[in-house]
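Raw structure-v4.pdb, PDB, C-alpha atoms, pLDDT in the B column:
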MODEL        1
ATOM      1  CA  MET A  21     -26.049 207.104-167.345  1.00 92.00           C
ATOM      2  CA  LYS A  22     -26.436 207.745-163.609  1.00 95.00           C
ATOM      3  CA  LYS A  23     -27.648 210.762-161.650  1.00 96.00           C
ATOM      4  CA  TYR A  24     -26.348 212.003-158.320  1.00 97.00           C
ATOM      5  CA  TYR A  25     -27.307 214.979-156.175  1.00 95.00           C
ATOM      6  CA  LEU A  26     -24.565 216.968-154.434  1.00 93.00           C
ATOM      7  CA  LYS A  27     -25.544 218.920-151.327  1.00 88.00           C
ATOM      8  CA  GLN A  28     -23.218 221.180-149.388  1.00 78.00           C
ATOM      9  CA  LYS A  29     -23.832 221.811-145.696  1.00 66.00           C
ATOM     10  CA  VAL A  30     -25.095 225.362-145.122  1.00 63.00           C
ATOM     11  CA  PHE A  31     -23.913 226.147-141.603  1.00 57.00           C
ATOM     12  CA  ALA A  32     -20.642 224.283-141.158  1.00 55.00           C
ATOM     13  CA  ILE A  33     -17.283 225.365-139.800  1.00 57.00           C
ATOM     14  CA  ARG A  34     -15.524 223.236-142.411  1.00 60.00           C
ATOM     15  CA  ASP A  35     -16.526 222.145-145.894  1.00 74.00           C
ATOM     16  CA  ARG A  36     -18.862 219.155-145.930  1.00 83.00           C
ATOM     17  CA  TYR A  37     -20.499 217.611-148.942  1.00 89.00           C
ATOM     18  CA  LYS A  38     -22.984 214.770-149.255  1.00 94.00           C
ATOM     19  CA  VAL A  39     -23.770 213.067-152.554  1.00 96.00           C
ATOM     20  CA  TYR A  40     -27.000 211.123-152.946  1.00 96.00           C
ATOM     21  CA  ASP A  41     -27.985 208.683-155.681  1.00 95.00           C
ATOM     22  CA  GLU A  42     -31.272 208.678-157.596  1.00 94.00           C
ATOM     23  CA  ASP A  43     -32.986 206.821-154.731  1.00 94.00           C
ATOM     24  CA  GLN A  44     -31.853 209.514-152.246  1.00 93.00           C
ATOM     25  CA  LYS A  45     -29.448 207.073-150.572  1.00 96.00           C
ATOM     26  CA  LEU A  46     -26.146 208.542-149.405  1.00 97.00           C
ATOM     27  CA  ALA A  47     -23.558 207.428-151.976  1.00 97.00           C
ATOM     28  CA  TYR A  48     -20.499 209.587-151.133  1.00 97.00           C
ATOM     29  CA  HIS A  49     -19.452 212.154-148.581  1.00 95.00           C
ATOM     30  CA  CYS A  50     -16.529 214.530-148.302  1.00 93.00           C
ATOM     31  CA  GLU A  51     -15.175 216.356-145.271  1.00 90.00           C
ATOM     32  CA  GLY A  52     -12.715 219.218-145.183  1.00 86.00           C
ATOM     33  CA  LYS A  53     -10.022 219.480-142.549  1.00 79.00           C
ATOM     34  CA  LEU A  54     -10.618 222.349-140.136  1.00 71.00           C
ATOM     35  CA  PHE A  55      -7.089 223.776-140.040  1.00 69.00           C
ATOM     36  CA  SER A  56      -5.562 223.051-143.423  1.00 67.00           C
ATOM     37  CA  ILE A  57      -3.454 225.474-145.430  1.00 70.00           C
ATOM     38  CA  SER A  58      -3.946 223.373-148.569  1.00 68.00           C
ATOM     39  CA  ARG A  59      -7.754 223.073-148.078  1.00 80.00           C
ATOM     40  CA  ARG A  60      -7.493 219.296-147.669  1.00 90.00           C
ATOM     41  CA  MET A  61     -10.706 217.292-148.045  1.00 92.00           C
ATOM     42  CA  ASP A  62     -11.196 213.543-147.711  1.00 95.00           C
ATOM     43  CA  PHE A  63     -13.632 211.792-150.079  1.00 97.00           C
ATOM     44  CA  TYR A  64     -15.437 208.586-149.001  1.00 97.00           C
ATOM     45  CA  ARG A  65     -17.797 206.023-150.516  1.00 96.00           C
ATOM     46  CA  SER A  66     -20.555 206.049-147.897  1.00 95.00           C
ATOM     47  CA  GLU A  67     -21.898 202.531-148.385  1.00 93.00           C
ATOM     48  CA  ASP A  68     -18.782 200.826-147.014  1.00 94.00           C
ATOM     49  CA  LYS A  69     -17.062 203.946-145.556  1.00 93.00           C
ATOM     50  CA  THR A  70     -14.074 203.470-147.881  1.00 96.00           C
ATOM     51  CA  HIS A  71     -11.684 206.425-148.038  1.00 97.00           C
ATOM     52  CA  LEU A  72     -11.245 206.809-151.804  1.00 97.00           C
ATOM     53  CA  TYR A  73      -9.374 210.067-152.395  1.00 97.00           C
ATOM     54  CA  THR A  74      -7.794 213.115-150.818  1.00 96.00           C
ATOM     55  CA  ILE A  75      -8.324 216.520-152.422  1.00 94.00           C
ATOM     56  CA  LYS A  76      -5.731 219.258-151.848  1.00 93.00           C
ATOM     57  CA  ARG A  77      -5.315 222.744-153.226  1.00 90.00           C
ATOM     58  CA  LYS A  78      -1.773 223.604-154.251  1.00 90.00           C
ATOM     59  CA  ILE A  79      -0.584 226.716-152.497  1.00 86.00           C
ATOM     60  CA  PHE A  80       1.492 229.542-153.975  1.00 85.00           C
ATOM     61  CA  THR A  81      -0.075 229.386-157.444  1.00 83.00           C
ATOM     62  CA  PHE A  82      -1.441 232.317-159.444  1.00 84.00           C
ATOM     63  CA  LEU A  83      -4.590 230.471-160.542  1.00 85.00           C
ATOM     64  CA  PRO A  84      -6.130 227.675-158.446  1.00 85.00           C
ATOM     65  CA  LYS A  85      -4.749 224.152-158.866  1.00 92.00           C
ATOM     66  CA  TYR A  86      -6.118 221.087-157.122  1.00 94.00           C
ATOM     67  CA  VAL A  87      -4.703 217.579-156.842  1.00 96.00           C
ATOM     68  CA  LEU A  88      -6.641 214.345-156.299  1.00 96.00           C
ATOM     69  CA  THR A  89      -4.680 211.472-154.751  1.00 97.00           C
ATOM     70  CA  THR A  90      -5.461 207.977-153.522  1.00 96.00           C
ATOM     71  CA  ILE A  91      -4.880 207.161-149.863  1.00 92.00           C
ATOM     72  CA  ASP A  92      -1.479 205.679-150.739  1.00 94.00           C
ATOM     73  CA  GLY A  93      -0.415 209.017-152.293  1.00 93.00           C
ATOM     74  CA  ARG A  94      -0.759 208.158-156.010  1.00 96.00           C
ATOM     75  CA  GLN A  95      -1.919 211.186-158.010  1.00 97.00           C
ATOM     76  CA  VAL A  96      -5.114 210.414-159.936  1.00 97.00           C
ATOM     77  CA  ALA A  97      -6.015 213.869-161.277  1.00 96.00           C
ATOM     78  CA  GLN A  98      -4.982 217.502-161.272  1.00 95.00           C
ATOM     79  CA  ILE A  99      -7.216 220.468-162.090  1.00 93.00           C
ATOM     80  CA  ASN A 100      -5.746 223.727-163.369  1.00 90.00           C
ATOM     81  CA  LYS A 101      -8.000 226.750-163.690  1.00 86.00           C
ATOM     82  CA  LYS A 102      -7.475 228.600-166.967  1.00 82.00           C
ATOM     83  CA  TRP A 103      -7.693 232.356-167.245  1.00 81.00           C
ATOM     84  CA  SER A 104     -10.927 233.375-168.962  1.00 74.00           C
ATOM     85  CA  PHE A 105     -13.145 236.462-169.063  1.00 72.00           C
ATOM     86  CA  VAL A 106     -16.609 235.087-169.689  1.00 73.00           C
ATOM     87  CA  LYS A 107     -16.752 231.358-168.894  1.00 76.00           C
ATOM     88  CA  HIS A 108     -14.989 229.219-166.348  1.00 78.00           C
ATOM     89  CA  LYS A 109     -12.478 226.848-167.957  1.00 82.00           C
ATOM     90  CA  PHE A 110     -10.268 224.122-166.517  1.00 86.00           C
ATOM     91  CA  ASP A 111      -7.704 221.665-167.779  1.00 88.00           C
ATOM     92  CA  ILE A 112      -7.996 218.333-166.036  1.00 93.00           C
ATOM     93  CA  HIS A 113      -5.100 215.891-166.236  1.00 95.00           C
ATOM     94  CA  SER A 114      -6.333 212.486-165.068  1.00 95.00           C
ATOM     95  CA  GLU A 115      -5.609 208.799-165.306  1.00 94.00           C
ATOM     96  CA  MET A 116      -8.497 208.637-167.826  1.00 93.00           C
ATOM     97  CA  GLY A 117      -6.712 211.150-170.075  1.00 94.00           C
ATOM     98  CA  GLU A 118      -6.913 214.870-170.722  1.00 95.00           C
ATOM     99  CA  LEU A 119     -10.337 216.215-169.771  1.00 93.00           C
ATOM    100  CA  SER A 120     -11.728 219.686-170.412  1.00 89.00           C
ATOM    101  CA  MET A 121     -14.354 221.591-168.475  1.00 87.00           C
ATOM    102  CA  GLU A 122     -16.387 224.603-169.499  1.00 81.00           C
ATOM    103  CA  GLY A 123     -18.941 226.279-167.320  1.00 80.00           C
ATOM    104  CA  ASN A 124     -21.220 229.266-167.459  1.00 79.00           C
ATOM    105  CA  PHE A 125     -20.353 232.679-166.018  1.00 67.00           C
ATOM    106  CA  TRP A 126     -21.758 231.903-162.567  1.00 66.00           C
ATOM    107  CA  GLY A 127     -20.169 228.454-162.319  1.00 65.00           C
ATOM    108  CA  HIS A 128     -23.519 226.777-161.671  1.00 77.00           C
ATOM    109  CA  ASP A 129     -23.707 224.684-164.838  1.00 88.00           C
ATOM    110  CA  PHE A 130     -20.794 222.911-166.507  1.00 90.00           C
ATOM    111  CA  ASN A 131     -19.757 219.902-168.589  1.00 92.00           C
ATOM    112  CA  VAL A 132     -16.627 217.750-168.527  1.00 93.00           C
ATOM    113  CA  LYS A 133     -15.475 216.087-171.747  1.00 94.00           C
ATOM    114  CA  LEU A 134     -12.820 213.551-172.703  1.00 94.00           C
ATOM    115  CA  GLY A 135     -12.002 214.731-176.211  1.00 92.00           C
ATOM    116  CA  GLU A 136     -15.455 215.058-177.770  1.00 93.00           C
ATOM    117  CA  THR A 137     -17.068 212.507-175.412  1.00 95.00           C
ATOM    118  CA  LEU A 138     -19.298 214.009-172.715  1.00 95.00           C
ATOM    119  CA  MET A 139     -18.338 212.447-169.370  1.00 96.00           C
ATOM    120  CA  LEU A 140     -20.525 214.428-166.977  1.00 94.00           C
ATOM    121  CA  GLU A 141     -22.946 217.337-166.713  1.00 96.00           C
ATOM    122  CA  VAL A 142     -23.636 219.451-163.634  1.00 94.00           C
ATOM    123  CA  HIS A 143     -26.614 221.765-163.086  1.00 93.00           C
ATOM    124  CA  LYS A 144     -27.301 223.815-159.975  1.00 86.00           C
ATOM    125  CA  LYS A 145     -30.782 223.793-158.515  1.00 80.00           C
ATOM    126  CA  TRP A 146     -31.754 227.408-157.930  1.00 73.00           C
ATOM    127  CA  ILE A 147     -34.378 226.962-155.246  1.00 65.00           C
ATOM    128  CA  SER A 148     -32.882 224.813-152.507  1.00 60.00           C
ATOM    129  CA  TRP A 149     -31.542 225.067-148.969  1.00 63.00           C
ATOM    130  CA  GLY A 150     -27.788 225.338-149.472  1.00 66.00           C
ATOM    131  CA  ASP A 151     -25.961 224.531-152.683  1.00 73.00           C
ATOM    132  CA  THR A 152     -27.550 221.576-154.472  1.00 85.00           C
ATOM    133  CA  TYR A 153     -26.316 220.246-157.806  1.00 90.00           C
ATOM    134  CA  GLU A 154     -27.650 217.555-160.114  1.00 94.00           C
ATOM    135  CA  ILE A 155     -24.798 215.491-161.561  1.00 96.00           C
ATOM    136  CA  THR A 156     -25.322 213.309-164.627  1.00 97.00           C
ATOM    137  CA  ILE A 157     -22.505 210.811-165.191  1.00 97.00           C
ATOM    138  CA  HIS A 158     -22.358 209.223-168.633  1.00 96.00           C
ATOM    139  CA  ASP A 159     -19.712 206.561-167.797  1.00 92.00           C
ATOM    140  CA  GLU A 160     -20.875 204.806-164.617  1.00 93.00           C
ATOM    141  CA  SER A 161     -17.626 202.824-164.304  1.00 94.00           C
ATOM    142  CA  LYS A 162     -15.841 206.100-163.484  1.00 94.00           C
ATOM    143  CA  SER A 163     -18.426 207.409-160.982  1.00 95.00           C
ATOM    144  CA  ASP A 164     -16.022 207.583-158.000  1.00 96.00           C
ATOM    145  CA  LEU A 165     -13.471 209.672-159.881  1.00 96.00           C
ATOM    146  CA  LEU A 166     -15.999 211.878-161.685  1.00 96.00           C
ATOM    147  CA  VAL A 167     -17.918 212.758-158.506  1.00 96.00           C
ATOM    148  CA  ALA A 168     -14.613 213.644-156.797  1.00 96.00           C
ATOM    149  CA  LEU A 169     -13.765 215.891-159.775  1.00 94.00           C
ATOM    150  CA  VAL A 170     -17.099 217.691-159.365  1.00 92.00           C
ATOM    151  CA  LEU A 171     -16.230 218.438-155.728  1.00 91.00           C
ATOM    152  CA  MET A 172     -12.815 219.760-156.764  1.00 90.00           C
ATOM    153  CA  ILE A 173     -14.344 221.963-159.464  1.00 87.00           C
ATOM    154  CA  ASP A 174     -17.024 223.292-157.094  1.00 84.00           C
ATOM    155  CA  ASP A 175     -14.430 224.147-154.457  1.00 83.00           C
ATOM    156  CA  CYS A 176     -12.272 225.870-157.053  1.00 81.00           C
ATOM    157  CA  LEU A 177     -15.169 227.830-158.599  1.00 78.00           C
ATOM    158  CA  HIS A 178     -16.403 229.085-155.256  1.00 68.00           C
ATOM    159  CA  ASP A 179     -12.990 229.470-153.585  1.00 61.00           C
ATOM    160  CA  ASN A 180     -13.396 233.177-152.833  1.00 46.00           C
ATOM    161  CA  GLN A 181     -16.574 232.489-150.873  1.00 47.00           C
ATOM    162  CA  ASN A 182     -14.864 229.701-148.922  1.00 43.00           C
ATOM    163  CA  LYS A 183     -11.672 231.526-147.886  1.00 42.00           C
ATOM    164  CA  GLY A 184     -13.163 232.420-144.537  1.00 39.00           C
ATOM    165  CA  SER A 185     -13.564 228.739-143.681  1.00 38.00           C
ATOM    166  CA  ASN A 186      -9.801 228.078-143.534  1.00 37.00           C
TER
ENDMDL
END
Could I get this file's structure written as structure tokens?
Amino acid sequence: MKKYYLKQKVFAIRDRYKVYDEDQKLAYHCEGKLFSISRRMDFYRSEDKTHLYTIKRKIFTFLPKYVLTTIDGRQVAQINKKWSFVKHKFDIHSEMGELSMEGNFWGHDFNVKLGETLMLEVHKKWISWGDTYEITIHDESKSDLLVALVLMIDDCLHDNQNKGSN
């Protein structure tokens, strides 16, 4: 089990995320493209500056859909928001298998499961400068993919707030 801390830049023209490990060392970062119809974001491992994934929102869909691809264009995951009154729900099709996500009404706390196996937990810190989330990953071998999924879910959950940044 490994913990990460996701922080989103407060005053930024484009979306920017930084993910720190338990020792407060920068582990990952993600930068959105300034003029992108599909809300493209590039996800990097900070230690060696490796470009791991590209996140894109599919356009012309009724409910939000996001796609995660490698730099060579291979699709690794797709998130589809499900229609729900009370809780946020997503179907996640990934190379690991079919994942499910359920979150609370506000979208600040959620879990991702593979069948009945808990893969990750996310909890928002209420008193912090900007959005700060604590991420607990239960399968460390999948950390790169699971952290990227958290960014996709966060962007999808808070899409209405972010529309002005496109």
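Take atom CA of Glu42 of chain A and atom CA of Ile173 of chain A: the distance between them is 21.6 Å.
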Exercise for the section: Extract, using all atoms listed in the file, all DNA, RNA and protein residues at most 10 Å from His158 of chain A, discarding same-chain residues fewer than 5 positions from it, and format them as JSON, numbers by chain. Expected result: {"A": [21, 22, 23, 137, 138, 139, 140, 141, 163, 166]}
Practice task
Enumerate, as a PyMOL selection string, the residues matched when the PyMOL selection byres ((chain A and resi 129) around 10) is run on the file above.
Solution key: chain A and resi 108+122-128+130-131+141-145+153-155
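Distance-wise, atom CA of Glu51 of chain A and atom CA of Gln98 of chain A end up 19.0 Å apart.
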Practice task
Enter the distance from atom CA of Leu165 of chain A to atom CA of Lys45 of chain A, in Å, rounded to one decimal.
Solution key: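 Spanning atom CA of Leu165 of chain A to atom CA of Lys45 of chain A is a straight-line distance of 18.7 Å.
Each of A:Gln44, A:Tyr24, A:Gly52, A:Ser120 was checked against Lys102 of chain A using only C-alpha atoms; the smallest atom-to-atom distance is that of A:Ser120.
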Exercise for the section: Translate the PyMOL selection byres ((chain A and resi 85) around 8), as applied to the file shown, into an explicit residue set as a PyMOL selection string. Expected result: chain A and resi 77-78+81+83-84+86-87+98-101+176
